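Trainee: Here you go, entry.cif (mmCIF, C-alpha atoms):
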data_query
loop_
_atom_site.label_atom_id
_atom_site.label_comp_id
_atom_site.auth_asym_id
_atom_site.auth_seq_id
_atom_site.Cartn_x
_atom_site.Cartn_y
_atom_site.Cartn_z
CA MET J 208 15.07 51.82 -15.66
CA LYS J 209 14.08 48.41 -14.32
CA PHE J 210 14.48 45.61 -16.82
CA ALA J 211 14.72 41.82 -16.84
CA LEU J 212 16.80 39.47 -18.95
CA VAL J 213 15.19 36.15 -19.84
CA PHE J 214 16.89 33.10 -21.34
CA PRO J 215 15.21 30.64 -23.72
CA GLY J 216 15.33 26.87 -23.44
CA GLN J 217 14.55 23.92 -25.67
CA GLY J 218 12.34 24.72 -28.63
CA SER J 219 14.29 27.83 -29.64
CA GLN J 220 17.11 25.91 -31.34
CA THR J 221 17.60 26.06 -35.12
CA VAL J 222 20.54 25.36 -37.40
CA GLY J 223 22.34 28.65 -38.05
CA MET J 224 20.82 30.39 -35.03
CA MET J 225 24.11 32.16 -34.12
CA LYS J 226 24.86 33.68 -37.56
CA GLY J 227 23.48 37.05 -36.53
CA TYR J 228 26.30 37.44 -34.01
CA ALA J 229 29.22 36.54 -36.29
CA ASP J 230 30.91 39.91 -35.71
CA LEU J 231 31.17 39.30 -31.95
CA PRO J 232 34.38 37.29 -31.24
CA ILE J 233 33.24 36.39 -27.73
CA VAL J 234 30.40 34.30 -29.18
CA GLN J 235 32.64 31.86 -31.02
CA GLU J 236 35.14 31.95 -28.14
CA THR J 237 32.39 30.83 -25.76
CA PHE J 238 31.41 28.00 -28.10
CA SER J 239 35.06 26.95 -28.34
CA GLU J 240 35.29 26.90 -24.54
CA ALA J 241 32.16 24.76 -24.29
CA SER J 242 33.36 22.43 -27.04
CA ASP J 243 36.64 21.86 -25.19
CA ILE J 244 34.79 21.11 -21.96
CA LEU J 245 32.39 18.63 -23.55
CA GLY J 246 34.73 17.19 -26.18
CA GLN J 247 32.23 17.96 -28.93
CA ASP J 248 32.24 20.60 -31.70
CA LEU J 249 29.19 22.64 -30.72
CA TRP J 250 29.99 25.47 -33.16
CA LYS J 251 29.90 23.06 -36.10
CA MET J 252 26.66 21.51 -34.88
CA VAL J 253 24.91 24.84 -34.40
CA ASN J 254 25.96 26.12 -37.82
CA ILE J 255 25.73 22.97 -39.94
CA GLY J 256 23.50 20.59 -38.02
CA PRO J 257 21.98 18.21 -38.86
CA THR J 258 18.66 19.24 -37.34
CA ASP J 259 18.09 15.77 -35.83
CA SER J 260 21.31 16.11 -33.83
CA LEU J 261 20.44 19.65 -32.80
CA ASN J 262 17.05 18.53 -31.50
CA LEU J 263 18.38 15.61 -29.46
CA THR J 264 17.95 16.63 -25.82
CA THR J 265 21.50 15.70 -24.83
CA ASN J 266 22.78 18.16 -27.46
CA THR J 267 20.09 20.83 -27.28
CA GLN J 268 20.61 21.53 -23.61
CA PRO J 269 24.35 22.41 -23.72
CA LEU J 270 23.84 24.25 -27.04
CA MET J 271 21.14 26.53 -25.64
CA LEU J 272 23.11 27.14 -22.44
CA THR J 273 26.20 28.06 -24.47
CA SER J 274 24.20 30.34 -26.74
CA GLY J 275 22.71 32.27 -23.83
CA ILE J 276 26.03 32.64 -22.03
CA ALA J 277 27.77 33.73 -25.25
CA LEU J 278 25.24 36.52 -25.76
CA TYR J 279 25.34 37.61 -22.13
CA ARG J 280 29.13 37.82 -22.30
CA ALA J 281 28.77 39.96 -25.42
CA TRP J 282 26.23 42.10 -23.52
CA GLU J 283 28.76 42.69 -20.73
CA ILE J 284 31.68 43.38 -23.10
CA LEU J 285 29.61 45.99 -24.96
CA GLY J 286 28.77 47.73 -21.68
CA GLY J 287 25.28 46.38 -21.11
CA PRO J 288 23.74 47.34 -17.74
CA LYS J 289 23.02 44.86 -14.98
CA PRO J 290 19.40 43.61 -15.06
CA THR J 291 17.04 44.04 -12.13
CA PHE J 292 15.82 40.44 -12.45
CA ILE J 293 16.62 37.43 -14.57
CA ALA J 294 14.73 34.25 -15.40
CA GLY J 295 15.03 31.32 -17.75
CA HIS J 296 12.36 29.27 -19.44
CA SER J 297 12.83 25.66 -18.32
CA LEU J 298 16.41 24.77 -19.33
CA GLY J 299 17.09 28.50 -19.64
CA GLU J 300 17.03 28.68 -15.85
CA TYR J 301 20.51 27.14 -15.85
CA THR J 302 21.73 30.00 -18.05
CA ALA J 303 20.25 32.40 -15.49
CA LEU J 304 22.07 30.56 -12.69
CA VAL J 305 25.41 31.04 -14.46
CA VAL J 306 24.71 34.71 -15.18
CA SER J 307 23.81 35.25 -11.54
CA GLY J 308 26.99 33.52 -10.34
CA VAL J 309 25.23 30.62 -8.63
CA MET J 310 27.24 28.11 -10.68
CA ASN J 311 30.12 28.47 -13.11
CA PHE J 312 29.88 27.80 -16.84
CA HIS J 313 31.93 24.59 -16.67
CA ASP J 314 29.71 23.06 -14.00
CA ALA J 315 26.54 24.21 -15.74
CA LEU J 316 27.60 22.55 -19.01
CA SER J 317 28.28 19.34 -17.14
CA ILE J 318 24.97 19.41 -15.31
CA VAL J 319 22.81 20.20 -18.35
CA ARG J 320 24.51 17.45 -20.37
CA PHE J 321 23.81 15.08 -17.46
CA ARG J 322 20.26 16.44 -17.22
CA GLY J 323 19.67 15.73 -20.89
CA GLU J 324 21.08 12.21 -20.59
CA ILE J 325 18.96 11.17 -17.63
CA MET J 326 15.86 12.73 -19.17
CA GLN J 327 16.45 10.75 -22.34
CA GLN J 328 17.04 7.59 -20.31
CA ALA J 329 13.84 8.10 -18.31
CA VAL J 330 11.76 8.11 -21.48
CA PRO J 331 13.49 6.45 -24.45
CA GLU J 332 13.38 8.36 -27.72
CA GLY J 333 10.10 7.82 -29.54
CA THR J 334 8.17 6.92 -26.37
CA GLY J 335 7.19 10.40 -25.22
CA ASN J 336 6.38 13.72 -26.82
CA MET J 337 5.25 17.30 -26.27
CA ALA J 338 2.79 19.47 -28.16
CA ALA J 339 1.85 23.14 -28.18
CA ILE J 340 -1.85 23.98 -27.94
CA LEU J 341 -3.05 27.46 -28.93
CA GLY J 342 -6.46 29.00 -28.39
CA LEU J 343 -7.77 27.11 -25.35
CA ASP J 344 -7.79 28.28 -21.74
CA ASP J 345 -5.74 26.59 -19.04
CA ASN J 346 -8.66 24.79 -17.43
CA MET J 347 -9.71 23.24 -20.74
CA ILE J 348 -6.16 21.97 -21.25
CA ARG J 349 -6.18 20.47 -17.76
CA LYS J 350 -9.47 18.71 -18.51
CA ILE J 351 -8.19 17.33 -21.82
CA CYS J 352 -5.10 15.95 -20.08
CA THR J 353 -7.19 14.37 -17.31
CA ASP J 354 -9.62 12.82 -19.81
CA VAL J 355 -6.83 11.34 -21.94
CA THR J 356 -5.02 9.93 -18.90
CA ASN J 357 -8.19 8.46 -17.42
CA ASN J 358 -9.12 6.80 -20.70
CA SER J 359 -5.66 5.41 -21.45
CA VAL J 360 -4.09 2.21 -20.17
CA GLY J 361 -0.74 2.93 -18.58
CA GLU J 362 -0.26 6.25 -20.37
CA LEU J 363 -0.46 9.81 -19.10
CA LEU J 364 -0.83 13.35 -20.40
CA GLU J 365 -0.18 16.50 -18.35
CA PRO J 366 0.19 20.26 -18.82
CA ALA J 367 3.92 21.04 -19.05
CA ASN J 368 4.28 24.74 -19.85
CA PHE J 369 1.82 27.53 -19.13
CA ASN J 370 3.54 29.82 -21.62
CA SER J 371 1.02 32.61 -22.14
CA PRO J 372 -2.75 33.10 -22.13
CA GLY J 373 -4.05 30.69 -24.74
CA GLN J 374 -0.77 28.86 -25.22
CA VAL J 375 -0.04 25.73 -23.20
CA VAL J 376 2.35 22.86 -23.88
CA ILE J 377 1.30 19.32 -22.98
CA ALA J 378 3.60 16.36 -22.37
CA GLY J 379 3.37 12.63 -21.84
CA HIS J 380 3.42 9.35 -23.70
CA LYS J 381 3.45 9.84 -27.46
CA ASN J 382 0.05 8.28 -28.14
CA ALA J 383 -1.48 10.26 -25.29
CA VAL J 384 -0.05 13.48 -26.72
CA LEU J 385 -1.45 12.64 -30.16
CA ARG J 386 -4.86 11.99 -28.58
CA GLY J 387 -4.56 15.30 -26.71
CA ILE J 388 -3.94 17.07 -30.02
CA GLU J 389 -7.10 15.49 -31.47
CA LEU J 390 -9.22 16.51 -28.48
CA ALA J 391 -7.80 20.03 -28.48
CA LYS J 392 -8.78 20.46 -32.13
CA GLU J 393 -12.26 19.12 -31.37
CA LYS J 394 -12.57 21.71 -28.58
CA GLY J 395 -11.68 24.52 -30.99
CA ALA J 396 -7.93 24.96 -30.59
CA LYS J 397 -6.47 27.34 -33.17
CA LEU J 398 -3.36 25.18 -33.42
CA ALA J 399 -2.18 21.90 -31.92
CA VAL J 400 1.23 20.73 -33.07
CA LEU J 401 4.04 18.43 -31.95
CA LEU J 402 7.27 20.10 -30.80
CA PRO J 403 10.83 19.22 -31.92
CA ILE J 404 11.79 17.90 -28.49
CA SER J 405 12.94 14.34 -27.90
CA VAL J 406 11.68 13.90 -24.31
CA PRO J 407 8.47 14.91 -22.47
CA SER J 408 9.77 17.49 -20.01
CA HIS J 409 7.95 18.90 -16.97
CA CYS J 410 5.63 15.97 -16.39
CA SER J 411 5.48 12.91 -14.15
CA LEU J 412 7.40 10.80 -16.66
CA MET J 413 10.52 12.63 -15.47
CA ALA J 414 10.12 11.31 -11.88
CA PRO J 415 12.93 8.72 -12.32
CA THR J 416 15.40 11.59 -12.85
CA ALA J 417 14.73 13.33 -9.53
CA LYS J 418 17.06 11.34 -7.26
CA LYS J 419 19.90 11.34 -9.82
CA MET J 420 19.55 15.07 -10.40
CA ARG J 421 19.51 15.85 -6.68
CA GLN J 422 22.68 13.81 -6.11
CA ARG J 423 24.49 15.52 -8.98
CA LEU J 424 23.42 19.04 -7.99
CA SER J 425 24.47 18.38 -4.39
CA MET J 426 28.04 17.86 -5.61
CA LEU J 427 28.28 21.38 -7.07
CA PRO J 428 29.54 24.45 -5.19
CA LEU J 429 26.50 26.73 -5.43
CA LEU J 430 26.85 30.41 -4.47
CA LYS J 431 24.29 33.02 -3.49
CA PRO J 432 22.75 34.74 -6.55
CA ARG J 433 24.28 38.11 -7.41
CA ILE J 434 21.23 39.00 -9.53
CA PRO J 435 17.74 38.02 -8.33
CA ILE J 436 16.39 34.99 -10.21
CA LEU J 437 12.68 34.28 -10.45
CA HIS J 438 12.34 30.52 -10.76
CA ASN J 439 9.61 29.46 -13.15
CA ALA J 440 8.48 26.32 -11.31
CA ASP J 441 7.19 28.27 -8.29
CA VAL J 442 7.59 31.95 -9.33
CA LYS J 443 9.78 32.66 -6.30
CA GLN J 444 13.35 33.69 -5.52
CA HIS J 445 15.67 31.28 -3.72
CA GLU J 446 19.06 32.00 -2.18
CA LYS J 447 19.97 28.94 -0.09
CA ASN J 448 21.68 25.97 -1.74
CA THR J 449 19.08 23.49 -0.58
CA ALA J 450 16.21 25.61 -1.86
CA ILE J 451 17.86 26.08 -5.28
CA ILE J 452 18.52 22.35 -5.58
CA ASN J 453 14.96 21.54 -4.54
CA ILE J 454 13.39 23.80 -7.15
CA LEU J 455 15.69 22.55 -9.93
CA VAL J 456 14.72 18.98 -9.11
CA LYS J 457 11.01 19.83 -8.96
CA GLN J 458 11.30 21.72 -12.23
CA LEU J 459 11.83 18.44 -14.08
CA CYS J 460 8.42 17.07 -13.14
CA ILE J 461 6.07 20.05 -12.79
CA PRO J 462 4.86 22.72 -15.23
CA VAL J 463 6.75 25.85 -16.20
CA ARG J 464 4.71 28.82 -14.98
CA TRP J 465 5.93 31.37 -17.50
CA THR J 466 2.76 33.46 -17.62
CA GLU J 467 2.98 34.03 -13.87
CA THR J 468 6.71 34.74 -14.09
CA ILE J 469 6.30 37.59 -16.56
CA SER J 470 3.28 38.93 -14.67
CA ALA J 471 5.40 38.97 -11.51
CA PHE J 472 8.04 41.04 -13.32
CA ALA J 473 5.40 43.58 -14.31
CA ALA J 474 4.07 43.71 -10.74
CA ALA J 475 7.62 44.41 -9.52
CA GLY J 476 7.91 47.48 -11.76
CA ILE J 477 9.85 45.96 -14.66
CA THR J 478 9.30 47.99 -17.83
CA HIS J 479 11.47 46.10 -20.34
CA VAL J 480 12.00 42.36 -20.83
CA VAL J 481 14.97 41.38 -22.99
CA GLU J 482 15.30 37.89 -24.48
CA CYS J 483 18.99 37.00 -24.27
CA GLY J 484 19.35 34.10 -26.65
CA PRO J 485 18.82 33.16 -30.28
CA GLY J 486 15.35 33.59 -31.72
CA LYS J 487 12.33 35.37 -30.29
CA VAL J 488 10.12 32.62 -28.89
CA LEU J 489 9.93 34.13 -25.40
CA THR J 490 9.37 37.64 -26.74
CA GLY J 491 6.28 36.43 -28.58
CA LEU J 492 4.97 34.83 -25.40
CA ASN J 493 5.74 37.86 -23.27
CA LYS J 494 3.83 40.22 -25.56
CA ARG J 495 0.71 38.13 -25.09
CA ILE J 496 1.13 38.05 -21.32
CA ASP J 497 1.41 41.80 -20.70
CA LYS J 498 0.96 44.31 -23.52
CA ASP J 499 2.34 47.16 -21.40
CA LEU J 500 5.80 45.63 -21.14
CA GLN J 501 8.44 46.58 -23.70
CA ASN J 502 9.79 43.32 -25.12
CA ILE J 503 13.03 43.02 -27.07
CA ALA J 504 14.62 39.95 -28.64
CA LEU J 505 18.40 40.11 -29.17
CA ILE J 506 18.14 38.41 -32.56
CA ASN J 507 21.44 39.82 -33.86
CA SER J 508 24.40 41.96 -32.83
CA THR J 509 22.82 45.15 -34.17
CA ILE J 510 19.74 44.76 -31.98
CA LEU J 511 21.98 43.86 -29.05
CA ARG J 512 23.91 47.14 -29.38
CA GLN J 513 20.73 49.16 -29.88
CA THR J 514 19.14 47.61 -26.80
CA ILE J 515 22.11 48.45 -24.62
CA ASN J 516 21.86 52.09 -25.74
CA VAL J 517 18.14 52.16 -24.92
CA LEU J 518 18.62 50.74 -21.43
CA MET J 519 21.68 52.69 -20.36
#
What is this file in structure tokens?

Mentor:
Amino acid sequence: MKFALVFPGQGSQTVGMMKGYADLPIVQETFSEASDILGQDLWKMVNIGPTDSLNLTTNTQPLMLTSGIALYRAWEILGGPKPTFIAGHSLGEYTALVVSGVMNFHDALSIVRFRGEIMQQAVPEGTGNMAAILGLDDNMIRKICTDVTNNSVGELLEPANFNSPGQVVIAGHKNAVLRGIELAKEKGAKLAVLLPISVPSHCSLMAPTAKKMRQRLSMLPLLKPRIPILHNADVKQHEKNTAIINILVKQLCIPVRWTETISAFAAAGITHVVECGPGKVLTGLNKRIDKDLQNIALINSTILRQTINVLM
């Protein structure tokens, strides 16, 4: 059976999101390891909050990485089979890189904390924003973004995530995002809502981070992937260090092509897509992308065990 594991990124975080895995010792052990590396009690933050701290990009990124790695380690300990492909949504791509052996957990924690810091520095908190738009096609979203940018002075709005048919995330300056929400509603959007993310990812506002990110990534010992990774910025596999670094740098400033990523899995013969992380955000998207795929979210340890039995 050919299946893919996918790892969520920012937007999936909630206080208490790891409670469903309390009976798996490796989960808390992984959080303890990450806390020691970063000098910060991630387990306390993820279980108690507050939500404002959880949603701060510099915290969200290592928390989501740690969550995904903790669940994958549990998957391996319980005898879970090796996936045919893996992918991560935005930040989740770093989880995929660790799972595939491209970088180790310690280095990945360091790089995502750095990534969060430089992203926050590029656009100070309160300056930028992101919003999810439901019910409009991709071309309409592109037109709204172009119209807002062209009619704004020194502000921009761009598509950031093509998540599924009829669901696109936009990013840019806060006022431009708010205007984009207004226009989307005027055009008949079913929903247009701000996201709990403190920086506008995957748009041109992240350009100042590119050089810093490239320098930092170039310092890491990157290995060839042991499991094929489909990168969501270009929907391709990359094996060489330079190519992996290039796509991770580009990922900061260009849209996530998640719809195409899941469609590519289906075209490659994947039958099951398993969301390896807290929540079920990606599973909801994947169901709208291809109804023939079997989608499973590992929302607790019971589902995790059941899924392993199904895929063995």

Trainee: I'd like the neighbourhood of Leu427 in chain J as a ChimeraX atom specification, where a residue qualifies if any of its atoms comes within 8 Å (using only C-alpha atoms), though same-chain residues fewer than 4 positions away should be ignored.

Mentor: /J:310,314,423

Trainee: Rounded to one decimal, what separation in Å do you get between CA of Val456 in chain J and CA of Ile318 in chain J?

Mentor: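 Taking CA of Val456 in chain J as the start and CA of Ile318 in chain J as the end point, the length is 12.0 Å.
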
Trainee: What residues come out when you apply the PyMOL selection byres ((chain J and resi 249-261) around 7) to this file, written as a list in words?

Mentor: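 That selection, the PyMOL selection byres ((chain J and resi 249-261) around 7), comes back as Val222, Gly223, Met224, Phe238, Ser242, Gln247, Asp248, Asn262, Leu263, Asn266, Thr267 and Leu270 of chain J.
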
Trainee: Kindly extract all protein, DNA and RNA residues lying within 9 Å of the coordinates (8.3, 9.5, -28.8) given in the file, considering all atoms listed in the file, and supply them as number ranges by chain.

Mentor: J: 330-337, 380-382, 405-407

Trainee: Got time to write the residues from that selection, C-alpha atoms, as a PDB file, keeping the file's coordinate frame?

Mentor:
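Final output, again23.pdb:
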ATOM      1  CA  VAL J 330      11.760   8.110 -21.480  1.00  0.00           C
ATOM      2  CA  PRO J 331      13.490   6.450 -24.450  1.00  0.00           C
ATOM      3  CA  GLU J 332      13.380   8.360 -27.720  1.00  0.00           C
ATOM      4  CA  GLY J 333      10.100   7.820 -29.540  1.00  0.00           C
ATOM      5  CA  THR J 334       8.170   6.920 -26.370  1.00  0.00           C
ATOM      6  CA  GLY J 335       7.190  10.400 -25.220  1.00  0.00           C
ATOM      7  CA  ASN J 336       6.380  13.720 -26.820  1.00  0.00           C
ATOM      8  CA  MET J 337       5.250  17.300 -26.270  1.00  0.00           C
ATOM      9  CA  HIS J 380       3.420   9.350 -23.700  1.00  0.00           C
ATOM     10  CA  LYS J 381       3.450   9.840 -27.460  1.00  0.00           C
ATOM     11  CA  ASN J 382       0.050   8.280 -28.140  1.00  0.00           C
ATOM     12  CA  SER J 405      12.940  14.340 -27.900  1.00  0.00           C
ATOM     13  CA  VAL J 406      11.680  13.900 -24.310  1.00  0.00           C
ATOM     14  CA  PRO J 407       8.470  14.910 -22.470  1.00  0.00           C
TER      15      PRO J 407
END

Trainee: Please identify all polymer residues within 9 Å of range 414-420 of chain J, counting only C-alpha atoms, omitting same-chain residues fewer than 2 positions from it, and present them as a PyMOL selection string.

Mentor: chain J and resi 318+321-322+325-326+328-329+410-412+422-425+452+455-457+459-460

Trainee: Per residue of range 457-500 of chain J within 8 Å of range 280-301 of chain J, what are the shortest atom pair and its distance in Å to one decimal, counting only C-alpha atoms, with rows by chain and residue number, as a tab-separated table?

Mentor:
residue	atom	partner	partner_atom	distance
J:Gln458	CA	J:Ser297	CA	7.4
J:Val463	CA	J:Ser297	CA	6.4
J:Trp465	CA	J:His296	CA	7.0
J:Phe472	CA	J:Phe292	CA	7.9
J:Ile477	CA	J:Thr291	CA	7.9

Trainee: What separation in Å, quoted to one decimal, exists between CA of Ala474 in chain J and CA of Lys209 in chain J?

Mentor: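 CA of Lys209 in chain J lies at a distance of 11.6 Å from CA of Ala474 in chain J.
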
Trainee: Can you pull out every residue within 12 Å of Tyr228 in chain J, counting only C-alpha atoms, but drop anything in the same chain fewer than 3 positions away, and send it as a list in words?

Mentor: Gly223, Met224, Met225, Leu231, Pro232, Ile233, Val234, Gln235, Glu236, Asn254, Ser274, Gly275, Ala277, Leu278, Tyr279, Ala281, Trp282, Gly484, Pro485, Gly486, Leu505, Ile506, Asn507, Ser508, Thr509, Ile510, Leu511 and Arg512 of chain J

Trainee: Point out the residue among J:Val376, J:Cys352, J:Ile515, J:Ile404 with the least atom-to-atom distance to Gly323 in chain J, counting only C-alpha atoms.

Mentor: J:Ile404

Trainee: Please, what distance in Å, to one decimal, runs between CA of Arg386 in chain J and CA of Ala399 in chain J?

Mentor: 10.8 Å

Trainee: So that I can look at just that part, could you write range 288-369 of chain J with C-alpha atoms, as a CSV table (one decimal), in the first residue's frame?

Mentor:
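The result, written out as part-v7.csv:
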chain,number,residue,atom,x,y,z
J,288,PRO,CA,5.5,1.4,8.2
J,289,LYS,CA,7.8,3.7,6.2
J,290,PRO,CA,5.8,6.1,4.0
J,291,THR,CA,6.2,6.2,0.2
J,292,PHE,CA,6.3,10.0,0.3
J,293,ILE,CA,6.3,12.8,2.8
J,294,ALA,CA,5.6,16.5,2.7
J,295,GLY,CA,5.0,19.3,5.1
J,296,HIS,CA,2.8,22.4,4.8
J,297,SER,CA,5.0,25.4,5.0
J,298,LEU,CA,6.9,25.1,8.3
J,299,GLY,CA,5.9,21.4,8.3
J,300,GLU,CA,8.5,20.9,5.6
J,301,TYR,CA,11.2,21.1,8.2
J,302,THR,CA,9.5,18.3,10.1
J,303,ALA,CA,9.6,16.3,6.9
J,304,LEU,CA,13.3,17.1,6.5
J,305,VAL,CA,14.0,15.6,9.9
J,306,VAL,CA,11.9,12.5,9.3
J,307,SER,CA,13.7,12.0,6.0
J,308,GLY,CA,17.1,12.3,7.7
J,309,VAL,CA,18.1,15.5,5.8
J,310,MET,CA,18.8,17.3,9.0
J,311,ASN,CA,18.8,16.2,12.7
J,312,PHE,CA,16.3,17.4,15.2
J,313,HIS,CA,18.7,19.6,17.1
J,314,ASP,CA,19.6,21.5,14.0
J,315,ALA,CA,16.0,21.7,12.8
J,316,LEU,CA,14.9,23.3,16.1
J,317,SER,CA,17.7,25.8,15.9
J,318,ILE,CA,16.9,26.7,12.3
J,319,VAL,CA,13.1,27.1,12.8
J,320,ARG,CA,13.6,29.2,15.9
J,321,PHE,CA,16.0,31.4,13.8
J,322,ARG,CA,13.5,31.3,10.9
J,323,GLY,CA,10.7,32.6,13.2
J,324,GLU,CA,13.0,35.3,14.6
J,325,ILE,CA,14.0,36.7,11.2
J,326,MET,CA,10.5,36.5,9.9
J,327,GLN,CA,9.2,38.5,12.9
J,328,GLN,CA,12.1,41.0,12.4
J,329,ALA,CA,11.3,41.4,8.7
J,330,VAL,CA,7.7,42.5,9.5
J,331,PRO,CA,7.2,43.8,13.1
J,332,GLU,CA,4.3,42.4,15.0
J,333,GLY,CA,1.1,44.2,14.1
J,334,THR,CA,2.4,45.4,10.7
J,335,GLY,CA,1.4,42.3,8.6
J,336,ASN,CA,-1.3,39.7,8.6
J,337,MET,CA,-2.7,36.7,6.8
J,338,ALA,CA,-6.3,35.7,6.1
J,339,ALA,CA,-8.1,32.6,4.8
J,340,ILE,CA,-10.6,33.1,1.9
J,341,LEU,CA,-13.1,30.4,1.2
J,342,GLY,CA,-15.4,30.1,-1.8
J,343,LEU,CA,-13.5,32.0,-4.5
J,344,ASP,CA,-11.4,30.5,-7.3
J,345,ASP,CA,-7.6,31.1,-7.5
J,346,ASN,CA,-7.8,33.6,-10.3
J,347,MET,CA,-10.3,35.8,-8.4
J,348,ILE,CA,-8.0,35.8,-5.4
J,349,ARG,CA,-5.1,36.8,-7.6
J,350,LYS,CA,-7.1,39.7,-9.0
J,351,ILE,CA,-8.2,40.9,-5.6
J,352,CYS,CA,-4.6,40.9,-4.4
J,353,THR,CA,-3.5,42.8,-7.5
J,354,ASP,CA,-6.3,45.4,-7.2
J,355,VAL,CA,-5.5,46.0,-3.5
J,356,THR,CA,-1.8,46.4,-4.1
J,357,ASN,CA,-2.3,48.7,-7.1
J,358,ASN,CA,-4.7,50.9,-5.1
J,359,SER,CA,-2.5,51.1,-2.0
J,360,VAL,CA,0.4,53.4,-1.2
J,361,GLY,CA,3.4,51.4,-0.2
J,362,GLU,CA,1.4,48.3,0.8
J,363,LEU,CA,1.0,44.9,-0.8
J,364,LEU,CA,-1.2,41.9,-0.8
J,365,GLU,CA,-0.4,38.5,-2.3
J,366,PRO,CA,-1.7,34.9,-2.4
J,367,ALA,CA,0.3,32.9,0.2
J,368,ASN,CA,-1.2,29.4,0.3
J,369,PHE,CA,-3.2,27.6,-2.4
